[in-house]
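Source file: target36.cif. Holds: mmCIF, N, CA and C atoms.
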```cif
data_structure
loop_
_atom_site.label_atom_id
_atom_site.label_comp_id
_atom_site.auth_asym_id
_atom_site.auth_seq_id
_atom_site.Cartn_x
_atom_site.Cartn_y
_atom_site.Cartn_z
N MET A 1 21.25 -37.45 14.35
CA MET A 1 20.94 -37.39 12.92
C MET A 1 19.56 -37.97 12.65
N ILE A 2 18.92 -37.43 11.65
CA ILE A 2 17.61 -37.92 11.26
C ILE A 2 17.81 -38.94 10.14
N PRO A 3 17.38 -40.18 10.37
CA PRO A 3 17.53 -41.18 9.32
C PRO A 3 16.56 -40.93 8.18
N GLY A 4 16.88 -41.42 7.02
CA GLY A 4 15.98 -41.32 5.88
C GLY A 4 16.17 -40.02 5.11
N GLY A 5 15.13 -39.63 4.39
CA GLY A 5 15.23 -38.48 3.50
C GLY A 5 14.70 -37.19 4.08
N GLY A 6 14.54 -37.08 5.38
CA GLY A 6 13.99 -35.86 5.97
C GLY A 6 14.88 -34.65 5.81
N GLN A 7 16.17 -34.82 5.87
CA GLN A 7 17.11 -33.71 5.82
C GLN A 7 17.10 -32.95 4.49
N PRO A 8 17.09 -33.63 3.34
CA PRO A 8 17.11 -32.88 2.08
C PRO A 8 15.91 -31.94 1.93
N ASN A 9 14.73 -32.33 2.42
CA ASN A 9 13.58 -31.44 2.31
C ASN A 9 13.79 -30.16 3.10
N MET A 10 14.33 -30.27 4.30
CA MET A 10 14.62 -29.08 5.10
C MET A 10 15.67 -28.23 4.40
N GLN A 11 16.68 -28.85 3.85
CA GLN A 11 17.73 -28.14 3.13
C GLN A 11 17.13 -27.39 1.94
N GLN A 12 16.23 -28.07 1.22
CA GLN A 12 15.60 -27.45 0.06
C GLN A 12 14.74 -26.26 0.48
N LEU A 13 13.98 -26.41 1.56
CA LEU A 13 13.15 -25.31 2.06
C LEU A 13 14.01 -24.13 2.46
N LEU A 14 15.11 -24.39 3.12
CA LEU A 14 16.01 -23.31 3.54
C LEU A 14 16.61 -22.60 2.33
N GLN A 15 16.97 -23.36 1.30
CA GLN A 15 17.51 -22.75 0.09
C GLN A 15 16.47 -21.89 -0.61
N GLN A 16 15.22 -22.39 -0.67
CA GLN A 16 14.15 -21.62 -1.30
C GLN A 16 13.90 -20.34 -0.52
N ALA A 17 13.87 -20.43 0.80
CA ALA A 17 13.63 -19.25 1.63
C ALA A 17 14.77 -18.24 1.46
N GLN A 18 15.99 -18.73 1.38
CA GLN A 18 17.14 -17.85 1.20
C GLN A 18 17.09 -17.16 -0.15
N LYS A 19 16.70 -17.89 -1.20
CA LYS A 19 16.59 -17.29 -2.53
C LYS A 19 15.50 -16.23 -2.55
N MET A 20 14.35 -16.51 -1.92
CA MET A 20 13.27 -15.52 -1.87
C MET A 20 13.73 -14.26 -1.13
N GLN A 21 14.48 -14.46 -0.06
CA GLN A 21 14.98 -13.32 0.71
C GLN A 21 15.93 -12.49 -0.14
N GLN A 22 16.80 -13.15 -0.91
CA GLN A 22 17.72 -12.43 -1.78
C GLN A 22 16.97 -11.70 -2.89
N ASP A 23 15.96 -12.35 -3.48
CA ASP A 23 15.15 -11.71 -4.52
C ASP A 23 14.43 -10.49 -3.96
N LEU A 24 13.90 -10.61 -2.76
CA LEU A 24 13.20 -9.50 -2.12
C LEU A 24 14.16 -8.34 -1.87
N ALA A 25 15.35 -8.64 -1.36
CA ALA A 25 16.34 -7.59 -1.10
C ALA A 25 16.73 -6.89 -2.40
N ARG A 26 16.91 -7.66 -3.48
CA ARG A 26 17.24 -7.06 -4.78
C ARG A 26 16.12 -6.15 -5.27
N ALA A 27 14.89 -6.61 -5.13
CA ALA A 27 13.74 -5.81 -5.57
C ALA A 27 13.64 -4.52 -4.75
N GLN A 28 13.89 -4.60 -3.45
CA GLN A 28 13.83 -3.41 -2.61
C GLN A 28 14.93 -2.43 -2.98
N GLU A 29 16.13 -2.93 -3.28
CA GLU A 29 17.22 -2.05 -3.71
C GLU A 29 16.87 -1.36 -5.03
N GLU A 30 16.27 -2.13 -5.94
CA GLU A 30 15.88 -1.55 -7.22
C GLU A 30 14.82 -0.46 -7.02
N LEU A 31 13.87 -0.70 -6.13
CA LEU A 31 12.85 0.31 -5.83
C LEU A 31 13.48 1.58 -5.26
N ALA A 32 14.47 1.42 -4.41
CA ALA A 32 15.12 2.58 -3.80
C ALA A 32 15.86 3.41 -4.83
N ARG A 33 16.31 2.77 -5.93
CA ARG A 33 17.04 3.49 -6.98
C ARG A 33 16.11 4.08 -8.05
N THR A 34 14.94 3.50 -8.22
CA THR A 34 14.03 3.91 -9.28
C THR A 34 13.26 5.15 -8.85
N GLU A 35 13.15 6.11 -9.75
CA GLU A 35 12.40 7.34 -9.45
C GLU A 35 11.13 7.39 -10.30
N VAL A 36 10.05 7.85 -9.67
CA VAL A 36 8.78 8.03 -10.37
C VAL A 36 8.28 9.44 -10.08
N ASP A 37 7.47 9.96 -11.00
CA ASP A 37 6.97 11.33 -10.89
C ASP A 37 5.48 11.36 -10.65
N GLY A 38 5.05 12.48 -10.12
CA GLY A 38 3.64 12.80 -9.99
C GLY A 38 3.51 14.29 -10.23
N GLN A 39 2.34 14.71 -10.69
CA GLN A 39 2.16 16.13 -10.95
C GLN A 39 0.76 16.58 -10.58
N ALA A 40 0.62 17.90 -10.46
CA ALA A 40 -0.68 18.50 -10.15
C ALA A 40 -0.77 19.84 -10.87
N GLY A 41 -1.99 20.29 -11.00
CA GLY A 41 -2.20 21.59 -11.64
C GLY A 41 -1.76 21.60 -13.09
N GLY A 42 -1.99 20.49 -13.78
CA GLY A 42 -1.60 20.43 -15.19
C GLY A 42 -0.10 20.54 -15.39
N GLY A 43 0.66 20.08 -14.41
CA GLY A 43 2.12 20.10 -14.53
C GLY A 43 2.77 21.31 -13.88
N LEU A 44 1.99 22.15 -13.21
CA LEU A 44 2.58 23.32 -12.54
C LEU A 44 3.47 22.90 -11.37
N VAL A 45 3.12 21.78 -10.75
CA VAL A 45 3.93 21.25 -9.65
C VAL A 45 4.22 19.79 -9.96
N LYS A 46 5.51 19.44 -9.90
CA LYS A 46 5.92 18.06 -10.16
C LYS A 46 6.75 17.56 -8.98
N ALA A 47 6.45 16.34 -8.55
CA ALA A 47 7.20 15.72 -7.46
C ALA A 47 7.84 14.44 -7.98
N THR A 48 9.03 14.16 -7.52
CA THR A 48 9.74 12.93 -7.86
C THR A 48 10.03 12.19 -6.56
N VAL A 49 9.63 10.92 -6.51
CA VAL A 49 9.90 10.08 -5.36
C VAL A 49 10.58 8.81 -5.85
N THR A 50 11.24 8.11 -4.93
CA THR A 50 11.79 6.81 -5.27
C THR A 50 10.66 5.80 -5.22
N GLY A 51 10.93 4.62 -5.74
CA GLY A 51 9.95 3.54 -5.66
C GLY A 51 9.65 3.15 -4.23
N ALA A 52 10.53 3.52 -3.31
CA ALA A 52 10.32 3.25 -1.90
C ALA A 52 9.56 4.39 -1.21
N GLY A 53 9.23 5.46 -1.95
CA GLY A 53 8.42 6.54 -1.42
C GLY A 53 9.20 7.72 -0.86
N GLU A 54 10.51 7.77 -1.08
CA GLU A 54 11.32 8.88 -0.58
C GLU A 54 11.26 10.05 -1.56
N LEU A 55 10.85 11.23 -1.06
CA LEU A 55 10.75 12.43 -1.90
C LEU A 55 12.16 12.86 -2.31
N ARG A 56 12.40 12.97 -3.61
CA ARG A 56 13.72 13.34 -4.12
C ARG A 56 13.75 14.74 -4.72
N ALA A 57 12.65 15.17 -5.35
CA ALA A 57 12.67 16.47 -6.01
C ALA A 57 11.26 17.04 -6.05
N LEU A 58 11.22 18.36 -6.07
CA LEU A 58 9.95 19.07 -6.18
C LEU A 58 10.20 20.26 -7.10
N VAL A 59 9.46 20.34 -8.20
CA VAL A 59 9.62 21.43 -9.17
C VAL A 59 8.31 22.22 -9.20
N ILE A 60 8.43 23.53 -8.98
CA ILE A 60 7.25 24.39 -8.97
C ILE A 60 7.41 25.43 -10.07
N ASP A 61 6.49 25.42 -11.01
CA ASP A 61 6.48 26.40 -12.09
C ASP A 61 6.19 27.77 -11.47
N PRO A 62 6.92 28.81 -11.87
CA PRO A 62 6.68 30.14 -11.32
C PRO A 62 5.23 30.62 -11.48
N LYS A 63 4.53 30.11 -12.50
CA LYS A 63 3.12 30.50 -12.70
C LYS A 63 2.24 30.03 -11.54
N ALA A 64 2.70 29.02 -10.79
CA ALA A 64 1.91 28.50 -9.68
C ALA A 64 2.08 29.33 -8.41
N VAL A 65 3.04 30.25 -8.42
CA VAL A 65 3.36 31.02 -7.22
C VAL A 65 2.59 32.33 -7.22
N ASP A 66 1.64 32.44 -6.32
CA ASP A 66 0.87 33.66 -6.12
C ASP A 66 0.98 34.01 -4.65
N PRO A 67 1.71 35.08 -4.30
CA PRO A 67 1.88 35.44 -2.88
C PRO A 67 0.55 35.65 -2.14
N GLU A 68 -0.49 35.98 -2.89
CA GLU A 68 -1.80 36.20 -2.27
C GLU A 68 -2.56 34.89 -2.04
N ASP A 69 -2.07 33.79 -2.64
CA ASP A 69 -2.80 32.51 -2.55
C ASP A 69 -1.82 31.36 -2.34
N THR A 70 -1.20 31.33 -1.19
CA THR A 70 -0.26 30.26 -0.90
C THR A 70 -0.97 28.94 -0.61
N GLU A 71 -2.24 29.00 -0.24
CA GLU A 71 -2.99 27.77 0.05
C GLU A 71 -3.12 26.89 -1.21
N THR A 72 -3.38 27.51 -2.34
CA THR A 72 -3.50 26.74 -3.58
C THR A 72 -2.17 26.09 -3.92
N LEU A 73 -1.08 26.82 -3.75
CA LEU A 73 0.23 26.25 -4.03
C LEU A 73 0.50 25.06 -3.10
N ALA A 74 0.17 25.21 -1.84
CA ALA A 74 0.36 24.12 -0.88
C ALA A 74 -0.48 22.91 -1.29
N ASP A 75 -1.71 23.15 -1.72
CA ASP A 75 -2.57 22.05 -2.17
C ASP A 75 -1.97 21.35 -3.39
N LEU A 76 -1.42 22.12 -4.31
CA LEU A 76 -0.80 21.54 -5.50
C LEU A 76 0.43 20.69 -5.13
N VAL A 77 1.21 21.17 -4.17
CA VAL A 77 2.39 20.41 -3.73
C VAL A 77 1.95 19.09 -3.11
N VAL A 78 0.96 19.15 -2.23
CA VAL A 78 0.46 17.93 -1.59
C VAL A 78 -0.08 16.97 -2.65
N ALA A 79 -0.84 17.48 -3.60
CA ALA A 79 -1.42 16.63 -4.64
C ALA A 79 -0.33 15.99 -5.50
N ALA A 80 0.71 16.73 -5.84
CA ALA A 80 1.79 16.19 -6.67
C ALA A 80 2.55 15.10 -5.91
N VAL A 81 2.81 15.33 -4.62
CA VAL A 81 3.51 14.31 -3.83
C VAL A 81 2.64 13.07 -3.68
N GLN A 82 1.34 13.26 -3.46
CA GLN A 82 0.44 12.11 -3.37
C GLN A 82 0.41 11.32 -4.67
N ALA A 83 0.37 12.02 -5.79
CA ALA A 83 0.36 11.35 -7.09
C ALA A 83 1.65 10.56 -7.30
N ALA A 84 2.77 11.15 -6.92
CA ALA A 84 4.05 10.45 -7.06
C ALA A 84 4.08 9.21 -6.16
N ASN A 85 3.56 9.34 -4.94
CA ASN A 85 3.54 8.20 -4.03
C ASN A 85 2.61 7.10 -4.53
N GLU A 86 1.50 7.46 -5.15
CA GLU A 86 0.62 6.45 -5.74
C GLU A 86 1.35 5.70 -6.86
N ASN A 87 2.11 6.43 -7.66
CA ASN A 87 2.90 5.78 -8.71
C ASN A 87 3.97 4.87 -8.10
N ALA A 88 4.56 5.30 -6.99
CA ALA A 88 5.55 4.47 -6.31
C ALA A 88 4.90 3.19 -5.76
N GLN A 89 3.68 3.31 -5.24
CA GLN A 89 2.99 2.13 -4.72
C GLN A 89 2.67 1.15 -5.84
N GLN A 90 2.29 1.66 -7.00
CA GLN A 90 2.04 0.78 -8.15
C GLN A 90 3.33 0.06 -8.54
N LEU A 91 4.44 0.79 -8.52
CA LEU A 91 5.73 0.18 -8.85
C LEU A 91 6.09 -0.89 -7.82
N GLN A 92 5.81 -0.61 -6.55
CA GLN A 92 6.06 -1.61 -5.50
C GLN A 92 5.25 -2.87 -5.75
N GLN A 93 4.00 -2.71 -6.13
CA GLN A 93 3.16 -3.88 -6.42
C GLN A 93 3.74 -4.70 -7.57
N GLN A 94 4.23 -3.99 -8.60
CA GLN A 94 4.80 -4.69 -9.75
C GLN A 94 6.06 -5.46 -9.36
N LYS A 95 6.90 -4.83 -8.53
CA LYS A 95 8.18 -5.45 -8.18
C LYS A 95 8.06 -6.46 -7.05
N LEU A 96 7.24 -6.14 -6.04
CA LEU A 96 7.18 -6.98 -4.85
C LEU A 96 6.00 -7.94 -4.87
N GLY A 97 4.97 -7.64 -5.65
CA GLY A 97 3.78 -8.48 -5.70
C GLY A 97 4.08 -9.94 -6.02
N PRO A 98 4.83 -10.20 -7.10
CA PRO A 98 5.15 -11.60 -7.43
C PRO A 98 5.94 -12.30 -6.32
N LEU A 99 6.80 -11.55 -5.63
CA LEU A 99 7.57 -12.15 -4.54
C LEU A 99 6.66 -12.49 -3.37
N ALA A 100 5.70 -11.61 -3.09
CA ALA A 100 4.77 -11.87 -1.99
C ALA A 100 3.90 -13.09 -2.32
N GLN A 101 3.51 -13.21 -3.58
CA GLN A 101 2.73 -14.38 -3.99
C GLN A 101 3.56 -15.64 -3.84
N GLY A 102 4.85 -15.53 -4.16
CA GLY A 102 5.74 -16.68 -4.02
C GLY A 102 5.88 -17.09 -2.58
N LEU A 103 5.91 -16.11 -1.69
CA LEU A 103 6.02 -16.42 -0.27
C LEU A 103 4.73 -17.03 0.25
N GLY A 104 3.59 -16.47 -0.17
CA GLY A 104 2.32 -16.93 0.36
C GLY A 104 1.73 -18.10 -0.41
N GLY A 105 1.97 -18.13 -1.70
CA GLY A 105 1.34 -19.14 -2.52
C GLY A 105 2.25 -20.29 -2.86
N GLY A 106 3.36 -20.40 -2.18
CA GLY A 106 4.34 -21.42 -2.49
C GLY A 106 3.97 -22.79 -1.99
N GLY A 107 2.88 -22.89 -1.25
CA GLY A 107 2.47 -24.18 -0.74
C GLY A 107 3.41 -24.73 0.31
N MET A 108 4.00 -23.85 1.10
CA MET A 108 4.88 -24.32 2.15
C MET A 108 4.05 -24.94 3.26
N PRO A 109 4.43 -26.10 3.72
CA PRO A 109 3.65 -26.78 4.75
C PRO A 109 3.57 -25.93 6.02
N GLY A 110 2.39 -25.95 6.62
CA GLY A 110 2.20 -25.25 7.88
C GLY A 110 1.76 -23.82 7.75
N LEU A 111 1.76 -23.29 6.52
CA LEU A 111 1.31 -21.93 6.33
C LEU A 111 -0.13 -21.92 5.85
N PRO A 112 -0.95 -21.01 6.37
CA PRO A 112 -2.38 -21.04 6.07
C PRO A 112 -2.74 -20.48 4.69
N PHE A 113 -1.79 -20.18 3.84
CA PHE A 113 -2.15 -19.67 2.51
C PHE A 113 -1.44 -20.38 1.41
#
```
Spell out the structure here as structure tokens.
Amino acid sequence: MIPGGGQPNMQQLLQQAQKMQQDLARAQEELARTEVDGQAGGGLVKATVTGAGELRALVIDPKAVDPEDTETLADLVVAAVQAANENAQQLQQQKLGPLAQGLGGGGMPGLPF
């Protein structure tokens, strides 16, 4: 056994780490459930992804479909998915950013930040 008050500090650190881990897991679950959209071509192609970046839906307006120009349609699909993923990354920053700051900026001894 360690005499004195050394034990409560370790207990407190473990509790704080456990709470941060639980908060992070909750935020990640929420991101996986939340859907965000991106679009291209003035809304001709719309993509929906989860906050975790999983593609869930792709809607293509029939006006975007030209059998003679499939390259443009492919470009619109890529652009819509990229836009949706950028929105998902912003959502991740909003949800996970404060937790990352808590992990790094918490002033835990021995950590360089």
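Look at Ala57 of chain A: the protein and nucleic acid residues within 7 Å of it, using only N, CA and C atoms and passing over chain neighbours fewer than 2 places away, are Lys46, Ala47, Thr48, Val49, Glu54, Leu55 and Val59 of chain A.
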Store the residues picked out above in a file with N, CA and C atoms, as a compact mmCIF listing (two decimals), in the frame of the given file.
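Saved the output as again15.txt:
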```txt
# COMPACT_ATOMS: atom_id res chain seq x y z
N LYS A 46 5.51 19.44 -9.90
CA LYS A 46 5.92 18.06 -10.16
C LYS A 46 6.75 17.56 -8.98
N ALA A 47 6.45 16.34 -8.55
CA ALA A 47 7.20 15.72 -7.46
C ALA A 47 7.84 14.44 -7.98
N THR A 48 9.03 14.16 -7.52
CA THR A 48 9.74 12.93 -7.86
C THR A 48 10.03 12.19 -6.56
N VAL A 49 9.63 10.92 -6.51
CA VAL A 49 9.90 10.08 -5.36
C VAL A 49 10.58 8.81 -5.85
N GLU A 54 10.51 7.77 -1.08
CA GLU A 54 11.32 8.88 -0.58
C GLU A 54 11.26 10.05 -1.56
N LEU A 55 10.85 11.23 -1.06
CA LEU A 55 10.75 12.43 -1.90
C LEU A 55 12.16 12.86 -2.31
N VAL A 59 9.46 20.34 -8.20
CA VAL A 59 9.62 21.43 -9.17
C VAL A 59 8.31 22.22 -9.20
```
Task: Test item, alpha helix (DSSP H) assignment across chain A, answer as a PyMOL selection string - done: chain A and resi 6-33+70-104
Task: For Gly43 of chain A: contacts at 8 Å, all atoms listed in the file, fewer than 5 positions along chain excluded, given as a ChimeraX atom specification - done: /A:38,59-61
TODO: Just give me the gap between atom C of Thr34 of chain A and atom CA of Ala52 of chain A in Å, one decimal is fine.
DONE: 7.8 Å
Task: Residues matched by the PyMOL selection byres (((chain A and resi 82 and name CA) around 12) and name CA) as a list in words - done: Val36, Asp37, Gly38, Gln39, Ala40, Val45, Lys46, Ala47, Thr48, Val49, Gly53, Glu54, Leu55, Asp75, Leu76, Val77, Val78, Ala79, Ala80, Val81, Ala83, Ala84, Asn85, Glu86, Asn87, Ala88 and Gln89 of chain A
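Here atom C of Arg26 of chain A stands at a distance of 15.1 Å from atom N of Thr50 of chain A.
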Any chance you could list, as a PDB file with N, CA and C atoms, keeping the file's coordinate frame, the residues in segment 10-46 of chain A that come up strand (DSSP E) when DSSP is run on the backbone?
```
ATOM      1  N   GLU A  35      13.150   6.110  -9.750  1.00  0.00           N
ATOM      2  CA  GLU A  35      12.400   7.340  -9.450  1.00  0.00           C
ATOM      3  C   GLU A  35      11.130   7.390 -10.300  1.00  0.00           C
ATOM      4  N   VAL A  36      10.050   7.850  -9.670  1.00  0.00           N
ATOM      5  CA  VAL A  36       8.780   8.030 -10.370  1.00  0.00           C
ATOM      6  C   VAL A  36       8.280   9.440 -10.080  1.00  0.00           C
ATOM      7  N   ASP A  37       7.470   9.960 -11.000  1.00  0.00           N
ATOM      8  CA  ASP A  37       6.970  11.330 -10.890  1.00  0.00           C
ATOM      9  C   ASP A  37       5.480  11.360 -10.650  1.00  0.00           C
ATOM     10  N   GLY A  38       5.050  12.480 -10.120  1.00  0.00           N
ATOM     11  CA  GLY A  38       3.640  12.800  -9.990  1.00  0.00           C
ATOM     12  C   GLY A  38       3.510  14.290 -10.230  1.00  0.00           C
ATOM     13  N   GLN A  39       2.340  14.710 -10.690  1.00  0.00           N
ATOM     14  CA  GLN A  39       2.160  16.130 -10.950  1.00  0.00           C
ATOM     15  C   GLN A  39       0.760  16.580 -10.580  1.00  0.00           C
ATOM     16  N   ALA A  40       0.620  17.900 -10.460  1.00  0.00           N
ATOM     17  CA  ALA A  40      -0.680  18.500 -10.150  1.00  0.00           C
ATOM     18  C   ALA A  40      -0.770  19.840 -10.870  1.00  0.00           C
ATOM     19  N   VAL A  45       3.120  21.780 -10.750  1.00  0.00           N
ATOM     20  CA  VAL A  45       3.930  21.250  -9.650  1.00  0.00           C
ATOM     21  C   VAL A  45       4.220  19.790  -9.960  1.00  0.00           C
ATOM     22  N   LYS A  46       5.510  19.440  -9.900  1.00  0.00           N
ATOM     23  CA  LYS A  46       5.920  18.060 -10.160  1.00  0.00           C
ATOM     24  C   LYS A  46       6.750  17.560  -8.980  1.00  0.00           C
TER      25      LYS A  46
END
```
Task: Two-atom distance - atom CA of Gln93 of chain A, atom CA of Gly51 of chain A (Å) - done: 10.1 Å
